[in-house]
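Peer 1: Below is one structure. I have some questions about it.
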Amino acid sequence: MSEETVARPGETRSFGQRLRETDLAGIAPFVALALLMVLGYVVNENFLSVNNLLNVATRCSFIAIIAVGATFVISAGGLDLSVGSMTAFVAGIMILFMNGGYMADGVGLVAVAILVAIGTGALSGLLNGTVTTLGRIEPFIVTLGTMAIFRSVTVWLADGGSIAISSSTMRSYLRPIYTGEILGLPVPVWIILAVGLVGAFVLYKTPFGRHVLAVGSNEEVARYSGVSVSRVRALTYVIQGVCVAIAVVVYVPRLGASTTTTGLLWELQAITAVVIGGTALRGGVGRIWGSICGAFMLEIVGNIMVLSNFVSEYLIGAVQGAIIIVAMLMQRSLMRKG
Amino acid sequence: MARDAISEESMPVLEARGLAKSFGPVEVLSDIDLALYPGEVHAIIGENGAGKSTLMKLMAGHLAPSRGSISLEGETLRFSGPVDAEKRGIVLVHQEILLAPHRTVAQNIFLGRELKRGFLTRDGEMNRLAAAALSDLGAEIDPRAVVASLSIAKRQLVQIARALQVPHKAVIFDEPTAALTPFETEALLKVIRDLRDRGIAVLYISHRLPEVGAIADRVTVLRDGRRVTTRSAEGLEPVEMARLMVGRDVSQLYPERHVRAGREMLLSVENFEVPGLAANISFTLHRGEILGFAGLIGAGRTELMEGIVGLRPSHGTLRIKDRPTRFSSADQSMKAGIVYLSEDRKGKGLLLDKTLATNLTLATLSRFTRGPMVDGRRENAALDKAFTDFDIRARRRSLLAGQLSGGNQQKLLLAKMMLADPKIVIIDEPTRGIDIGTKEQIYRFIAELAEAGKGVIVVSSEMQELIGICERIIVMRGGRMAGEVTGEAMTEDEIVMRATGVESVEEIEGAMHA
């Protein structure tokens with residue numbers, strides 16, 4: 001066996017070795033993003049304008065933020081299909097709270113409403129997490145069920161229609177969260193960066209993050225090592241719920257309502273963003289910035305479709321569906337080579 | 001005697017000249033000369049990684065050589081693949097059982113070469129032929145039985161019967177006894193002797209040296225991909241074989257038995273039960289003691305230990321230093337000072353796709369933090385210490401656990417669990433899949449743990465190893481304690497008698513054929 005020499009610090013390795021160790025799956029999404037940018041520029045010169053790119057970044061913020069949460073769930077070996085419906089539900093609760101007029105002070109009310117949204121999101125995630133772990137049911141089934149429950153309860157709360165913010169002063173208080181700018185960057189972009197930074201810190205730097213990846217890599221090894229697998233799994237769903245709530249806080253100011261189409265197919269987009277970002281669906285590997293990059297790519301694809309006339313923009317769902325399938329195929333071939 | 005029939009003049013069935021195989025830049029096998037004569041059993045021995053499997057795969061056409069040639073009955077040729085080799089009469093019996101578990105014995109024997117009349121399979125004829133083939137091997141197995149219902153030994157026989165269905169001149173056995181009990185092994189060796197007596201050439205790969213001594217006419221020793229020697233098996237003692245394999249003296253495989261330390265009781269188990277798997281278990285473990293658990297596969301030893309450390313639900317009384325206790329997770333038992341090292345290193349012990357440092361600290365991560373963060377520097381320091389303390393040999397620190405050899409994986413797992421600073425260490429199959437040089441080290445680590453005042457429980461299917469390192473051995477059968485042996489009574493016969501519940505060898509052989 002050739003491995004029988006002990007490693008020394010400061011060892012030198014050949015370029016070939018380094019190249020082989022280079023994490024192809026980790027770089028691939030950013031290469032793909034660069035290629036998409038070139039394609040976008042070829043289609044329409046305005047595509048690469050700062051304005052257009054910031055626009056795209058702002059519009060992808062909901063999916064990017066949710067995808068950060070989904071990265072936790074998926075890298076722990078789980079899956080959450082309920083994020084789209086949960087968005088509609090949390091948005092509905094947040095708006096109903098604001099419409100309730102429990103407080104006179106506008107800014108204070110917005111702050112409390114945000115806390116209510118985040119609490120609702122965390123509890124919704126906790127529901128997914130506890131049913132999956134304590135009930136020992138496949139997350140696919142659990143979140144398929146809660147997807148229907150969140151959607152249906154929202155429709156019921158809305159009495160079949162939509163839940164809109166009733167006061168126009170409230171709307172004006174909220175609007176800057178979506179349309180505002182700080183240091184030239186739109187607020188939603190700042191929020192993406194903040195969520196990404198916190199997410200990356202938790203996943204890569206803390207013992208909890210290490211446990212998330214261990215559980216996703218091999219649940220049995222984690223259990224035999226004294227890791228509380230259920231607790232770790234359940235917490236990833238809570239993180240997902242909080243991320244959904246943060247996305248809602250950015251979303252509500254934009255539309256001012258929760259409607260029957262709020263969050264529709266967002267689970268597809270969030271999971272696609274995570275997968276094309278290089279996170280393995282079987283768990284054990286999580287790439288926060290890859291997921292954010294994935295969400296950005298999905299929005300760019302939509303943007304290119306609008307700017308060009310190749311494909312009808314009504315087919316955007318079909319294109320996104322195709323992307324996730326192609327991404328899985330590519331991921332598999334990269335793994336084989338690795 | 002068949003070995004007298006081999007003369008220098010007779011033509012080898014299968015001959016390798018200067019055979020070499022490289023994978024990428026690494027040459028795993030170099031310049032192997034090997035001649036296999038009709039009517040001989042030729043054993044290939046060597047440590048894990050010595051190149052045994054590669055050599056065998058070359059000889060059976062599973063791999064193509066990078067250099068050198070293979071000739072069959074004097075004619076140099078190149079196999080296009082295993083099917084080609086099989087057509088020319090070279091048959092490989094795999095180490096793993098490669099049968100469809102839910103199909104019958106006869107269906108498996110004829111899988112892929114079913115006898116047909118028109119579109120229909122001739123089940124009756126195939127059953128008859130399968131029964132005949134099995135009885136040729138001395139086995140009474142119903143050809144209509146579903147494979148999943150058979151013992152491992154019988155499945156092995158079915159697999160051999162399947163391999164021998166094609167006309168054969170040379171049969172290659174790859175560690176055929178790895179999963180067999182001593183008596184099943186004896187029955188298989190008889191089958192191999194019958195093959196030899198019919199003039200078939202047998203290539204026998206194994207790391208169980210006493211068995212090689214019992215069956216082989218000639219022995220070829222491989223070390224680091226090279227042939228060390230080929231010699232007659234007559235008078236070649238296992239100790240000498242081990243020395244040739246390792247390249248140094250290993251007569252002292254087991255460490256000196258340590259002096260009995262103070263007999264303070266560490267763990268007492270009373271009337272313990274793991275529902276459906278183990279029941280009525282009572283024993284005690286003292287400071288400085290190495291207690292063995294012997295038994296057949298499926299006797300409930302592993303499950304009992306998993307119950308004790310809280311990895312399975314259990315009832316009964318558990319006392320650590322006279323304090324009654326009960327665990328519902330490995331976390332709790334670890335905090336109480338008990339660690340369990342799983343027999344399933346790859347499935348339950350280590351994260352194969354993670355780095356060495358990540359694996360090392362996984363069970364004790366809370367001790368490697370600075371504020372809310374994992375402290376990479378302390379982790380690296382711990383890894384350096386583990387490299388030295390446990391002699392873990394890794395080409396690079398950045399390797400993944402799955403890239404280590406079995407022995408180094410076991411050392412890493414040991415290092416990982418010792419970070420929890422346990423008082424009681426339970427090691428399940430400590431040397432499974434580990435080469436003999438590393439085995440010696442592992443035994444020394446175990447002895448050192450006991451000398452340091454820890455209580456050690458060793459679960460093993462290798463009886464020699466338990467006899468070599470333990471002070472007491474508890475034998476389990478069918479989830480119960482079937483007895484305890486100490487001192488002079490620690491012999492293979494005494495253990496097997498208790499493990500199988502039968503009094504004599506004849507009775508066991510009778511039971512096997514029933």
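If you're wondering about the labels, chains in the structure tokens are A, B, ... by order shown, residues count from 1 in each chain, ligands from 1 in order shown.
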What residues in region 364-410 of chain B get the DSSP label helix (DSSP H, G or I)? Please answer as a count of residues only.
Peer 2: 26
Peer 1: Dump as a ChimeraX atom specification the residues of chain B that approach chain A to within 7 Å, counting only C-alpha atoms.
Peer 2: /B:49,224,329-331,347-351,362-363,365-366,372-374,393-397
Peer 1: Export N, CA, C and O atoms of the chosen residues as a PDB file, in the first residue's frame?
Peer 2:
ATOM      1  N   GLY B  49      -3.739  -6.016   0.962  1.00  0.00           N
ATOM      2  CA  GLY B  49      -2.989  -5.063   0.165  1.00  0.00           C
ATOM      3  C   GLY B  49      -1.717  -5.646  -0.417  1.00  0.00           C
ATOM      4  O   GLY B  49      -0.974  -4.954  -1.103  1.00  0.00           O
ATOM      5  N   ASP B 224       3.720  -6.794  -0.509  1.00  0.00           N
ATOM      6  CA  ASP B 224       3.833  -5.535  -1.246  1.00  0.00           C
ATOM      7  C   ASP B 224       3.841  -5.758  -2.754  1.00  0.00           C
ATOM      8  O   ASP B 224       4.615  -5.136  -3.478  1.00  0.00           O
ATOM      9  N   SER B 329     -29.026   6.663  24.753  1.00  0.00           N
ATOM     10  CA  SER B 329     -28.275   7.098  23.573  1.00  0.00           C
ATOM     11  C   SER B 329     -26.786   6.918  23.849  1.00  0.00           C
ATOM     12  O   SER B 329     -26.371   6.837  25.006  1.00  0.00           O
ATOM     13  N   ALA B 330     -26.021   6.872  22.777  1.00  0.00           N
ATOM     14  CA  ALA B 330     -24.579   6.697  22.917  1.00  0.00           C
ATOM     15  C   ALA B 330     -23.973   7.912  23.624  1.00  0.00           C
ATOM     16  O   ALA B 330     -22.947   7.810  24.287  1.00  0.00           O
ATOM     17  N   ASP B 331     -24.625   9.057  23.485  1.00  0.00           N
ATOM     18  CA  ASP B 331     -24.158  10.268  24.138  1.00  0.00           C
ATOM     19  C   ASP B 331     -24.125  10.069  25.657  1.00  0.00           C
ATOM     20  O   ASP B 331     -23.146  10.381  26.325  1.00  0.00           O
ATOM     21  N   GLY B 347     -19.802   1.222   8.179  1.00  0.00           N
ATOM     22  CA  GLY B 347     -21.215   1.597   8.197  1.00  0.00           C
ATOM     23  C   GLY B 347     -21.607   2.372   9.441  1.00  0.00           C
ATOM     24  O   GLY B 347     -22.546   3.160   9.424  1.00  0.00           O
ATOM     25  N   LYS B 348     -20.903   2.126  10.566  1.00  0.00           N
ATOM     26  CA  LYS B 348     -21.326   2.735  11.822  1.00  0.00           C
ATOM     27  C   LYS B 348     -20.190   3.414  12.572  1.00  0.00           C
ATOM     28  O   LYS B 348     -20.419   4.101  13.557  1.00  0.00           O
ATOM     29  N   GLY B 349     -18.966   3.206  12.125  1.00  0.00           N
ATOM     30  CA  GLY B 349     -17.842   3.737  12.881  1.00  0.00           C
ATOM     31  C   GLY B 349     -17.314   5.062  12.360  1.00  0.00           C
ATOM     32  O   GLY B 349     -17.092   5.983  13.123  1.00  0.00           O
ATOM     33  N   LEU B 350     -17.129   5.141  11.046  1.00  0.00           N
ATOM     34  CA  LEU B 350     -16.472   6.318  10.485  1.00  0.00           C
ATOM     35  C   LEU B 350     -17.278   6.899   9.324  1.00  0.00           C
ATOM     36  O   LEU B 350     -17.956   6.170   8.604  1.00  0.00           O
ATOM     37  N   LEU B 351     -17.164   8.221   9.169  1.00  0.00           N
ATOM     38  CA  LEU B 351     -17.751   8.877   8.002  1.00  0.00           C
ATOM     39  C   LEU B 351     -16.709   8.774   6.890  1.00  0.00           C
ATOM     40  O   LEU B 351     -15.736   9.507   6.871  1.00  0.00           O
ATOM     41  N   LEU B 362     -15.617  13.783  16.003  1.00  0.00           N
ATOM     42  CA  LEU B 362     -17.079  13.783  15.880  1.00  0.00           C
ATOM     43  C   LEU B 362     -17.786  13.481  17.202  1.00  0.00           C
ATOM     44  O   LEU B 362     -18.782  14.108  17.546  1.00  0.00           O
ATOM     45  N   ALA B 363     -17.278  12.527  17.960  1.00  0.00           N
ATOM     46  CA  ALA B 363     -17.983  12.117  19.171  1.00  0.00           C
ATOM     47  C   ALA B 363     -17.747  13.077  20.338  1.00  0.00           C
ATOM     48  O   ALA B 363     -18.471  13.052  21.324  1.00  0.00           O
ATOM     49  N   LEU B 365     -17.024  16.628  19.924  1.00  0.00           N
ATOM     50  CA  LEU B 365     -16.839  17.923  19.268  1.00  0.00           C
ATOM     51  C   LEU B 365     -16.951  19.094  20.244  1.00  0.00           C
ATOM     52  O   LEU B 365     -16.283  20.108  20.070  1.00  0.00           O
ATOM     53  N   SER B 366     -17.775  18.937  21.271  1.00  0.00           N
ATOM     54  CA  SER B 366     -17.991  20.065  22.185  1.00  0.00           C
ATOM     55  C   SER B 366     -16.701  20.432  22.910  1.00  0.00           C
ATOM     56  O   SER B 366     -16.587  21.522  23.459  1.00  0.00           O
ATOM     57  N   PRO B 372     -18.420  29.937  19.769  1.00  0.00           N
ATOM     58  CA  PRO B 372     -19.392  29.069  19.092  1.00  0.00           C
ATOM     59  C   PRO B 372     -18.759  28.220  17.990  1.00  0.00           C
ATOM     60  O   PRO B 372     -19.443  27.422  17.366  1.00  0.00           O
ATOM     61  N   MET B 373     -17.457  28.399  17.763  1.00  0.00           N
ATOM     62  CA  MET B 373     -16.861  27.782  16.578  1.00  0.00           C
ATOM     63  C   MET B 373     -16.057  26.534  16.912  1.00  0.00           C
ATOM     64  O   MET B 373     -15.515  26.395  17.994  1.00  0.00           O
ATOM     65  N   VAL B 374     -15.967  25.648  15.906  1.00  0.00           N
ATOM     66  CA  VAL B 374     -15.049  24.518  16.014  1.00  0.00           C
ATOM     67  C   VAL B 374     -13.628  25.061  15.854  1.00  0.00           C
ATOM     68  O   VAL B 374     -13.366  25.842  14.949  1.00  0.00           O
ATOM     69  N   ARG B 393      -1.190   5.596   9.923  1.00  0.00           N
ATOM     70  CA  ARG B 393      -0.342   5.954   8.793  1.00  0.00           C
ATOM     71  C   ARG B 393      -1.194   6.451   7.646  1.00  0.00           C
ATOM     72  O   ARG B 393      -1.944   5.704   7.042  1.00  0.00           O
ATOM     73  N   ALA B 394      -1.068   7.751   7.367  1.00  0.00           N
ATOM     74  CA  ALA B 394      -1.835   8.348   6.284  1.00  0.00           C
ATOM     75  C   ALA B 394      -0.868   9.128   5.415  1.00  0.00           C
ATOM     76  O   ALA B 394       0.008   9.809   5.921  1.00  0.00           O
ATOM     77  N   ARG B 395      -1.055   9.000   4.123  1.00  0.00           N
ATOM     78  CA  ARG B 395      -0.190   9.689   3.190  1.00  0.00           C
ATOM     79  C   ARG B 395      -0.266  11.199   3.396  1.00  0.00           C
ATOM     80  O   ARG B 395       0.726  11.903   3.361  1.00  0.00           O
ATOM     81  N   ARG B 396      -1.496  11.680   3.611  1.00  0.00           N
ATOM     82  CA  ARG B 396      -1.696  13.109   3.815  1.00  0.00           C
ATOM     83  C   ARG B 396      -2.748  13.310   4.891  1.00  0.00           C
ATOM     84  O   ARG B 396      -3.621  12.470   5.058  1.00  0.00           O
ATOM     85  N   ARG B 397      -2.676  14.447   5.567  1.00  0.00           N
ATOM     86  CA  ARG B 397      -3.693  14.742   6.576  1.00  0.00           C
ATOM     87  C   ARG B 397      -5.040  14.954   5.922  1.00  0.00           C
ATOM     88  O   ARG B 397      -6.067  14.782   6.543  1.00  0.00           O
TER      89      ARG B 397
END
Peer 1: Would you work out the distance separating CA of Gly468 (chain B) from CA of Tyr254 (chain B), expressed in Å to one decimal?
Peer 2: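 CA of Tyr254 (chain B) lies 5.8 Å from CA of Gly468 (chain B).
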Peer 1: Please identify all polymer residues within 8 Å of region 303-308 of chain B, counting only C-alpha atoms, omitting same-chain residues fewer than 2 positions from it, and present them as an NGL selection string.
Peer 2: :B and (273-274 or 277-278 or 300-301 or 310-314 or 318 or 327 or 340 or 426)
Peer 1: So that I can see what lies close to region 270-280 of chain A, please list as number ranges by chain the residues with an atom at most 7 Å from it, counting only C-alpha atoms and leaving out residues fewer than 2 positions away in the same chain.
Peer 2: A: 25-26, 29, 63, 66-67, 70-71, 75, 266-268, 282-283, 285-287, 290-291, 293-295, 324, 327
Peer 1: Residues within 12 Å of Leu48 (chain A), please, as a ChimeraX atom specification. Count only C-alpha atoms; anything in the same chain fewer than 5 positions from it doesn't count.
Peer 2: /A:34,36-43,53-56,300,303-304,307
